>>> print(open('query_24.pdb').read())   # PDB, C-alpha atoms
MODEL        1
ATOM      1  CA  MET A   1       1.558   0.298 -24.769
ATOM      2  CA  GLY A   2      -0.547   1.623 -27.649
ATOM      3  CA  LEU A   3      -1.466   5.255 -28.156
ATOM      4  CA  ARG A   4      -5.017   4.750 -26.879
ATOM      5  CA  GLU A   5      -3.868   3.034 -23.700
ATOM      6  CA  SER A   6      -1.146   5.643 -23.180
ATOM      7  CA  LYS A   7      -3.730   8.415 -23.460
ATOM      8  CA  LYS A   8      -5.955   6.684 -20.925
ATOM      9  CA  GLN A   9      -3.064   6.394 -18.477
ATOM     10  CA  GLU A  10      -2.249  10.078 -18.932
ATOM     11  CA  THR A  11      -5.861  11.060 -18.287
ATOM     12  CA  ARG A  12      -6.037   8.846 -15.210
ATOM     13  CA  GLN A  13      -2.838  10.354 -13.819
ATOM     14  CA  LEU A  14      -4.028  13.890 -14.546
ATOM     15  CA  ILE A  15      -7.283  13.309 -12.689
ATOM     16  CA  SER A  16      -5.450  11.737  -9.750
ATOM     17  CA  ASP A  17      -2.936  14.591  -9.555
ATOM     18  CA  CYS A  18      -5.656  17.257  -9.651
ATOM     19  CA  ALA A  19      -7.656  15.408  -7.007
ATOM     20  CA  THR A  20      -4.656  15.085  -4.716
ATOM     21  CA  ARG A  21      -3.871  18.801  -4.950
ATOM     22  CA  LEU A  22      -7.466  19.683  -4.073
ATOM     23  CA  PHE A  23      -7.651  17.139  -1.257
ATOM     24  CA  ILE A  24      -4.502  18.532   0.333
ATOM     25  CA  ALA A  25      -5.627  22.134  -0.069
ATOM     26  CA  GLN A  26      -9.267  21.723   0.966
ATOM     27  CA  GLY A  27      -9.556  18.397   2.757
ATOM     28  CA  PHE A  28     -10.879  15.115   1.362
ATOM     29  CA  GLU A  29     -14.454  15.395   2.630
ATOM     30  CA  GLN A  30     -14.746  19.032   1.538
ATOM     31  CA  THR A  31     -13.688  18.394  -2.082
ATOM     32  CA  THR A  32     -16.329  17.389  -4.632
ATOM     33  CA  ILE A  33     -16.058  15.256  -7.744
ATOM     34  CA  THR A  34     -17.317  18.248  -9.744
ATOM     35  CA  GLU A  35     -14.395  20.361  -8.513
ATOM     36  CA  ILE A  36     -11.954  17.618  -9.485
ATOM     37  CA  ALA A  37     -13.484  17.289 -12.950
ATOM     38  CA  THR A  38     -13.278  21.044 -13.439
ATOM     39  CA  ALA A  39      -9.629  21.151 -12.355
ATOM     40  CA  ALA A  40      -8.748  18.273 -14.690
ATOM     41  CA  ARG A  41     -10.878  19.715 -17.527
ATOM     42  CA  VAL A  42     -12.807  16.494 -17.996
ATOM     43  CA  ALA A  43     -16.437  15.502 -17.548
ATOM     44  CA  LYS A  44     -17.619  14.415 -14.105
ATOM     45  CA  LYS A  45     -18.518  11.018 -15.587
ATOM     46  CA  THR A  46     -14.942  10.632 -16.797
ATOM     47  CA  VAL A  47     -13.703  10.968 -13.224
ATOM     48  CA  THR A  48     -16.115   8.341 -11.937
ATOM     49  CA  ASN A  49     -15.339   6.016 -14.848
ATOM     50  CA  TYR A  50     -11.661   6.007 -13.900
ATOM     51  CA  PHE A  51     -12.271   6.134 -10.145
ATOM     52  CA  PRO A  52     -15.609   4.601  -9.083
ATOM     53  CA  ARG A  53     -14.798   5.338  -5.427
ATOM     54  CA  LYS A  54     -13.806   8.821  -4.365
ATOM     55  CA  GLU A  55     -11.273   7.332  -1.927
ATOM     56  CA  ASP A  56      -9.393   5.747  -4.814
ATOM     57  CA  LEU A  57      -8.641   9.207  -6.189
ATOM     58  CA  ALA A  58      -6.443   9.726  -3.139
ATOM     59  CA  LEU A  59      -5.256   6.162  -2.537
ATOM     60  CA  ASP A  60      -4.562   5.426  -6.184
ATOM     61  CA  HIS A  61      -1.858   2.826  -5.483
ATOM     62  CA  HIS A  62      -4.447   0.572  -3.850
ATOM     63  CA  GLU A  63      -4.074  -2.341  -6.287
ATOM     64  CA  ALA A  64      -0.297  -2.471  -5.905
ATOM     65  CA  PHE A  65      -0.745  -2.152  -2.154
ATOM     66  CA  THR A  66      -3.316  -4.907  -1.657
ATOM     67  CA  GLN A  67      -1.454  -7.363  -3.892
ATOM     68  CA  GLY A  68       2.108  -6.465  -2.906
ATOM     69  CA  LEU A  69       2.711  -9.079  -0.192
ATOM     70  CA  ALA A  70       1.021 -11.842  -2.159
ATOM     71  CA  GLN A  71       3.022 -10.959  -5.247
ATOM     72  CA  ALA A  72       6.273 -11.114  -3.290
ATOM     73  CA  VAL A  73       5.400 -14.672  -2.243
ATOM     74  CA  ALA A  74       4.239 -15.774  -5.687
ATOM     75  CA  GLU A  75       7.252 -14.317  -7.522
ATOM     76  CA  ARG A  76       9.976 -15.269  -5.033
ATOM     77  CA  GLU A  77      13.249 -16.800  -6.196
ATOM     78  CA  PRO A  78      13.421 -20.601  -6.611
ATOM     79  CA  GLY A  79      13.968 -22.173  -3.200
ATOM     80  CA  GLU A  80      13.478 -18.879  -1.386
ATOM     81  CA  GLU A  81      11.295 -18.915   1.711
ATOM     82  CA  PRO A  82       8.243 -16.646   1.526
ATOM     83  CA  LEU A  83       9.285 -14.776   4.655
ATOM     84  CA  THR A  84      12.701 -14.055   3.143
ATOM     85  CA  ALA A  85      11.076 -12.812  -0.061
ATOM     86  CA  LEU A  86       8.762 -10.554   1.927
ATOM     87  CA  GLU A  87      11.664  -9.098   3.901
ATOM     88  CA  ARG A  88      13.674  -8.515   0.723
ATOM     89  CA  THR A  89      10.714  -6.842  -0.986
ATOM     90  CA  PHE A  90      10.077  -4.549   1.965
ATOM     91  CA  ARG A  91      13.747  -3.606   2.218
ATOM     92  CA  SER A  92      13.791  -2.699  -1.473
ATOM     93  CA  ALA A  93      10.642  -0.561  -1.133
ATOM     94  CA  LEU A  94      12.099   1.101   1.962
ATOM     95  CA  LEU A  95      15.299   2.045   0.150
ATOM     96  CA  GLU A  96      13.246   3.355  -2.785
ATOM     97  CA  HIS A  97      11.050   5.416  -0.409
ATOM     98  CA  SER A  98       8.020   3.842  -2.069
ATOM     99  CA  PRO A  99       4.528   5.181  -1.295
ATOM    100  CA  VAL A 100       3.345   1.570  -1.087
ATOM    101  CA  VAL A 101       5.143   1.179   2.262
ATOM    102  CA  GLY A 102       4.112   4.608   3.547
ATOM    103  CA  PHE A 103       6.373   7.270   2.027
ATOM    104  CA  THR A 104       3.782   9.857   0.994
ATOM    105  CA  GLY A 105       5.143  13.214   2.146
ATOM    106  CA  SER A 106       3.870  15.168   5.135
ATOM    107  CA  ALA A 107       1.033  17.022   3.365
ATOM    108  CA  PHE A 108      -0.470  13.812   1.996
ATOM    109  CA  ALA A 109       0.000  11.933   5.273
ATOM    110  CA  ARG A 110      -1.748  14.744   7.149
ATOM    111  CA  MET A 111      -4.595  14.754   4.639
ATOM    112  CA  VAL A 112      -5.174  11.032   5.188
ATOM    113  CA  ALA A 113      -4.847  11.283   8.959
ATOM    114  CA  ASP A 114      -7.386  14.120   9.084
ATOM    115  CA  SER A 115      -9.954  12.263   6.970
ATOM    116  CA  PRO A 116     -12.147   9.657   8.712
ATOM    117  CA  THR A 117     -13.169   8.331   5.294
ATOM    118  CA  LEU A 118      -9.616   7.814   4.064
ATOM    119  CA  SER A 119      -8.471   6.369   7.392
ATOM    120  CA  ALA A 120     -11.290   3.822   7.214
ATOM    121  CA  ARG A 121     -10.466   3.009   3.594
ATOM    122  CA  LEU A 122      -6.805   2.510   4.480
ATOM    123  CA  ARG A 123      -7.825  -0.014   7.146
ATOM    124  CA  GLU A 124      -9.872  -1.855   4.523
ATOM    125  CA  LEU A 125      -6.880  -1.961   2.193
ATOM    126  CA  HIS A 126      -4.671  -3.391   4.943
ATOM    127  CA  GLU A 127      -7.281  -6.120   5.496
ATOM    128  CA  GLN A 128      -7.387  -6.894   1.774
ATOM    129  CA  ARG A 129      -3.576  -7.011   1.756
ATOM    130  CA  GLU A 130      -3.666  -9.599   4.542
ATOM    131  CA  ASP A 131      -6.360 -11.660   2.795
ATOM    132  CA  SER A 132      -4.343 -11.756  -0.424
ATOM    133  CA  LEU A 133      -1.247 -12.830   1.489
ATOM    134  CA  ALA A 134      -3.160 -15.629   3.208
ATOM    135  CA  THR A 135      -4.303 -16.924  -0.174
ATOM    136  CA  ALA A 136      -0.743 -16.801  -1.520
ATOM    137  CA  LEU A 137       0.661 -18.646   1.505
ATOM    138  CA  ALA A 138      -2.004 -21.339   1.224
ATOM    139  CA  ALA A 139      -1.078 -21.814  -2.432
ATOM    140  CA  VAL A 140       2.606 -22.517  -1.679
ATOM    141  CA  ALA A 141       2.112 -24.802   1.327
ATOM    142  CA  HIS A 142       3.473 -28.180   0.239
ATOM    143  CA  ASP A 143       2.410 -30.217   3.298
ATOM    144  CA  PRO A 144      -1.119 -30.748   4.636
ATOM    145  CA  VAL A 145      -1.779 -27.979   7.158
ATOM    146  CA  PRO A 146      -4.815 -26.847   9.150
ATOM    147  CA  ALA A 147      -6.980 -24.443   7.149
ATOM    148  CA  ILE A 148      -6.362 -21.697   9.682
ATOM    149  CA  ALA A 149      -2.558 -21.912   9.443
ATOM    150  CA  PRO A 150      -2.039 -19.707   6.339
ATOM    151  CA  ARG A 151      -4.401 -17.118   7.797
ATOM    152  CA  ALA A 152      -2.552 -17.147  11.112
ATOM    153  CA  ALA A 153       0.805 -16.686   9.381
ATOM    154  CA  ALA A 154      -0.636 -13.925   7.172
ATOM    155  CA  ALA A 155      -2.124 -12.150  10.184
ATOM    156  CA  LEU A 156       1.239 -12.048  11.974
ATOM    157  CA  ILE A 157       3.157 -10.909   8.898
ATOM    158  CA  ALA A 158       0.525  -8.319   7.972
ATOM    159  CA  ALA A 159       0.494  -6.980  11.537
ATOM    160  CA  ALA A 160       4.240  -6.347  11.314
ATOM    161  CA  ASP A 161       3.825  -4.827   7.869
ATOM    162  CA  ARG A 162       1.054  -2.527   9.127
ATOM    163  CA  LEU A 163       3.170  -1.466  12.093
ATOM    164  CA  LEU A 164       6.034  -0.457   9.798
ATOM    165  CA  PHE A 165       3.635   1.440   7.518
ATOM    166  CA  ARG A 166       2.231   3.291  10.507
ATOM    167  CA  ARG A 167       5.726   4.085  11.784
ATOM    168  CA  ILE A 168       6.668   5.649   8.456
ATOM    169  CA  GLN A 169       3.514   7.759   8.527
ATOM    170  CA  GLU A 170       4.114   8.825  12.134
ATOM    171  CA  LEU A 171       7.705   9.831  11.436
ATOM    172  CA  THR A 172       6.606  11.675   8.307
ATOM    173  CA  LEU A 173       4.040  13.668  10.283
ATOM    174  CA  ALA A 174       6.695  14.378  12.928
ATOM    175  CA  GLY A 175       8.763  16.158  10.275
ATOM    176  CA  HIS A 176      11.473  13.585   9.591
ATOM    177  CA  SER A 177      12.972  13.406   6.109
ATOM    178  CA  ASP A 178      12.675  10.259   4.008
ATOM    179  CA  ASP A 179      16.372   9.492   4.547
ATOM    180  CA  GLU A 180      15.958   9.842   8.317
ATOM    181  CA  ILE A 181      12.914   7.568   8.233
ATOM    182  CA  GLU A 182      14.834   4.989   6.218
ATOM    183  CA  ALA A 183      17.670   4.995   8.765
ATOM    184  CA  THR A 184      15.200   4.565  11.630
ATOM    185  CA  LEU A 185      13.154   1.840   9.979
ATOM    186  CA  ILE A 186      15.997  -0.443   8.910
ATOM    187  CA  PRO A 187      16.842  -1.662  12.449
ATOM    188  CA  GLU A 188      13.166  -1.701  13.431
ATOM    189  CA  ALA A 189      12.324  -3.844  10.412
ATOM    190  CA  ASP A 190      15.250  -6.151  11.230
ATOM    191  CA  HIS A 191      13.919  -6.538  14.769
ATOM    192  CA  LEU A 192      10.474  -7.489  13.505
ATOM    193  CA  ARG A 193      12.090  -9.907  11.053
ATOM    194  CA  THR A 194      13.785 -11.627  14.004
ATOM    195  CA  LEU A 195      10.478 -11.888  15.851
ATOM    196  CA  LEU A 196       8.861 -13.458  12.807
ATOM    197  CA  ALA A 197      11.797 -15.761  12.016
ATOM    198  CA  ALA A 198      10.081 -18.736  13.660
ATOM    199  CA  LEU A 199       7.564 -18.662  10.816
ATOM    200  CA  GLY A 200      10.328 -19.624   8.419
ATOM    201  CA  ASN A 201      10.084 -23.249   9.531
ATOM    202  CA  HIS A 202       6.293 -23.329   9.469
ATOM    203  CA  PRO A 203       4.826 -25.576   6.757
ATOM    204  CA  THR A 204       2.748 -22.679   5.380
ATOM    205  CA  THR A 205       5.836 -20.521   4.845
ATOM    206  CA  ALA A 206       8.451 -23.072   3.875
ATOM    207  CA  ALA A 207       9.728 -22.841   0.333
ATOM    208  CA  SER A 208       8.162 -25.289  -2.079
TER
ENDMDL
END
>>> encode(input="query_24.pdb", output="structure tokens")
Amino acid sequence: MGLRESKKQETRQLISDCATRLFIAQGFEQTTITEIATAARVAKKTVTNYFPRKEDLALDHHEAFTQGLAQAVAEREPGEEPLTALERTFRSALLEHSPVVGFTGSAFARMVADSPTLSARLRELHEQREDSLATALAAVAHDPVPAIAPRAAAALIAAADRLLFRRIQELTLAGHSDDEIEATLIPEADHLRTLLAALGNHPTTAAS
């Protein structure tokens, strides 16, 4: 990464960090872009150039989130079934306590839960995540399948993924530590994996 790009990343992170602190302290709806710009010591236009949507100042991992399931399918090991790759990727993120699967800390989770705007945006991101997964599954199907099949498989997988995300948020808000949440989620994730196992033999999820 060059110096210019590194500086841009630093500025972006600074703006995001300042915004998050203000959102948690004041509430998302109550915080203005002007206040964020002042806290970050940048121009208001700089904030909007980096973050065209105010919601993205809070949910700044949105690109990694929406593309995560699709990427796991596209970058799976040779011969590995998509469902296996998705389970492995989730398990790794769970052990890392990644924010992409819901580990955000209680203050941040409360801020999102209390904001109708952020809650609605999070639902949109889950839908985009599912759409991207459906596209990825359609791309790896090696037998002719009905057009709806990849979408059906993606809907079931994404529903399980969303349930696990919500569980992590619920446990976070209930005061559980990340290690406690990890211990709780491992068997729950394994149970969902068993329920979804039948997809492993579906032509839209079979390894190509």
>>> atom_distance(input="query_24.pdb", atom1="atom CA of A:His62", atom2="atom CA of A:Glu170")
19.9 Å
>>> residues_around(input="query_24.pdb", residues="A:Leu122", least_positions_apart="6", cutoff="10 Å", atoms="all atoms listed in the file", output="ChimeraX atom specification")
/A:55,59,62,112,116,128
>>> atom_distance(input="query_24.pdb", atom1="atom CA of A:Leu133", atom2="atom CA of A:Pro78")
18.5 Å
>>> closest_residue(input="query_24.pdb", among="A:Arg129, A:Ile15, A:Ala93, A:Asp60", to="A:Ala39", atoms="all atoms listed in the file")
A:Ile15
>>> residues_near_point(input="query_24.pdb", point="(-13.3, 9.4, -1.1)", cutoff="12 Å", atoms="all atoms listed in the file", output="compact mmCIF listing (two decimals) with C-alpha atoms, in the coordinates of the input")
# COMPACT_ATOMS: atom_id res chain seq x y z
CA SER A 16 -5.45 11.74 -9.75
CA ALA A 19 -7.66 15.41 -7.01
CA THR A 20 -4.66 15.08 -4.72
CA PHE A 23 -7.65 17.14 -1.26
CA GLY A 27 -9.56 18.40 2.76
CA PHE A 28 -10.88 15.12 1.36
CA GLU A 29 -14.45 15.40 2.63
CA GLN A 30 -14.75 19.03 1.54
CA THR A 31 -13.69 18.39 -2.08
CA THR A 32 -16.33 17.39 -4.63
CA ILE A 33 -16.06 15.26 -7.74
CA ILE A 36 -11.95 17.62 -9.48
CA THR A 48 -16.11 8.34 -11.94
CA PHE A 51 -12.27 6.13 -10.14
CA PRO A 52 -15.61 4.60 -9.08
CA ARG A 53 -14.80 5.34 -5.43
CA LYS A 54 -13.81 8.82 -4.36
CA GLU A 55 -11.27 7.33 -1.93
CA ASP A 56 -9.39 5.75 -4.81
CA LEU A 57 -8.64 9.21 -6.19
CA ALA A 58 -6.44 9.73 -3.14
CA LEU A 59 -5.26 6.16 -2.54
CA ASP A 60 -4.56 5.43 -6.18
CA MET A 111 -4.60 14.75 4.64
CA VAL A 112 -5.17 11.03 5.19
CA SER A 115 -9.95 12.26 6.97
CA PRO A 116 -12.15 9.66 8.71
CA THR A 117 -13.17 8.33 5.29
CA LEU A 118 -9.62 7.81 4.06
CA SER A 119 -8.47 6.37 7.39
CA ALA A 120 -11.29 3.82 7.21
CA ARG A 121 -10.47 3.01 3.59
CA LEU A 122 -6.80 2.51 4.48
>>> atom_distance(input="query_24.pdb", atom1="atom CA of A:Ala134", atom2="atom CA of A:Ala158")
9.5 Å
>>> resolve_selection(input="query_24.pdb", expression="the PyMOL selection byres ((chain A and resi 110) around 10)", output="list in words")
Ile24, Gly27, Thr104, Gly105, Ser106, Ala107, Phe108, Ala109, Met111, Val112, Ala113, Asp114, Ser115, Gln169, Glu170, Thr172 and Leu173 of chain A
>>> decode(input="query_24.pdb", residues="stretch 152-167 of chain A", atoms="N, CA and C atoms", output="PDB file, in the first residue's frame")
ATOM      1  N   ALA A 152     -33.197 -20.749  -3.413  1.00  0.00           N
ATOM      2  CA  ALA A 152     -33.781 -21.498  -2.296  1.00  0.00           C
ATOM      3  C   ALA A 152     -32.693 -21.947  -1.327  1.00  0.00           C
ATOM      4  N   ALA A 153     -31.594 -22.476  -1.878  1.00  0.00           N
ATOM      5  CA  ALA A 153     -30.483 -22.911  -1.029  1.00  0.00           C
ATOM      6  C   ALA A 153     -29.906 -21.727  -0.269  1.00  0.00           C
ATOM      7  N   ALA A 154     -29.716 -20.593  -0.965  1.00  0.00           N
ATOM      8  CA  ALA A 154     -29.172 -19.396  -0.319  1.00  0.00           C
ATOM      9  C   ALA A 154     -30.095 -18.896   0.778  1.00  0.00           C
ATOM     10  N   ALA A 155     -31.387 -18.958   0.558  1.00  0.00           N
ATOM     11  CA  ALA A 155     -32.347 -18.477   1.555  1.00  0.00           C
ATOM     12  C   ALA A 155     -32.259 -19.301   2.835  1.00  0.00           C
ATOM     13  N   LEU A 156     -32.125 -20.617   2.703  1.00  0.00           N
ATOM     14  CA  LEU A 156     -32.028 -21.487   3.872  1.00  0.00           C
ATOM     15  C   LEU A 156     -30.716 -21.266   4.626  1.00  0.00           C
ATOM     16  N   ILE A 157     -29.628 -21.174   3.876  1.00  0.00           N
ATOM     17  CA  ILE A 157     -28.320 -20.957   4.507  1.00  0.00           C
ATOM     18  C   ILE A 157     -28.266 -19.589   5.174  1.00  0.00           C
ATOM     19  N   ALA A 158     -28.765 -18.570   4.467  1.00  0.00           N
ATOM     20  CA  ALA A 158     -28.740 -17.209   5.014  1.00  0.00           C
ATOM     21  C   ALA A 158     -29.637 -17.082   6.238  1.00  0.00           C
ATOM     22  N   ALA A 159     -30.751 -17.826   6.253  1.00  0.00           N
ATOM     23  CA  ALA A 159     -31.632 -17.791   7.423  1.00  0.00           C
ATOM     24  C   ALA A 159     -30.904 -18.335   8.656  1.00  0.00           C
ATOM     25  N   ALA A 160     -30.157 -19.412   8.470  1.00  0.00           N
ATOM     26  CA  ALA A 160     -29.374 -19.967   9.580  1.00  0.00           C
ATOM     27  C   ALA A 160     -28.288 -18.998   9.999  1.00  0.00           C
ATOM     28  N   ASP A 161     -27.636 -18.395   9.025  1.00  0.00           N
ATOM     29  CA  ASP A 161     -26.580 -17.425   9.302  1.00  0.00           C
ATOM     30  C   ASP A 161     -27.139 -16.223  10.070  1.00  0.00           C
ATOM     31  N   ARG A 162     -28.307 -15.750   9.671  1.00  0.00           N
ATOM     32  CA  ARG A 162     -28.930 -14.605  10.338  1.00  0.00           C
ATOM     33  C   ARG A 162     -29.333 -14.963  11.761  1.00  0.00           C
ATOM     34  N   LEU A 163     -29.803 -16.181  11.953  1.00  0.00           N
ATOM     35  CA  LEU A 163     -30.188 -16.630  13.291  1.00  0.00           C
ATOM     36  C   LEU A 163     -28.984 -16.638  14.228  1.00  0.00           C
ATOM     37  N   LEU A 164     -27.854 -17.123  13.737  1.00  0.00           N
ATOM     38  CA  LEU A 164     -26.636 -17.150  14.557  1.00  0.00           C
ATOM     39  C   LEU A 164     -26.157 -15.735  14.869  1.00  0.00           C
ATOM     40  N   PHE A 165     -26.222 -14.846  13.886  1.00  0.00           N
ATOM     41  CA  PHE A 165     -25.854 -13.443  14.103  1.00  0.00           C
ATOM     42  C   PHE A 165     -26.735 -12.838  15.194  1.00  0.00           C
ATOM     43  N   ARG A 166     -28.023 -13.089  15.087  1.00  0.00           N
ATOM     44  CA  ARG A 166     -28.958 -12.531  16.069  1.00  0.00           C
ATOM     45  C   ARG A 166     -28.709 -13.106  17.454  1.00  0.00           C
ATOM     46  N   ARG A 167     -28.362 -14.396  17.514  1.00  0.00           N
ATOM     47  CA  ARG A 167     -28.080 -15.022  18.807  1.00  0.00           C
ATOM     48  C   ARG A 167     -26.870 -14.374  19.465  1.00  0.00           C
TER      49      ARG A 167
END
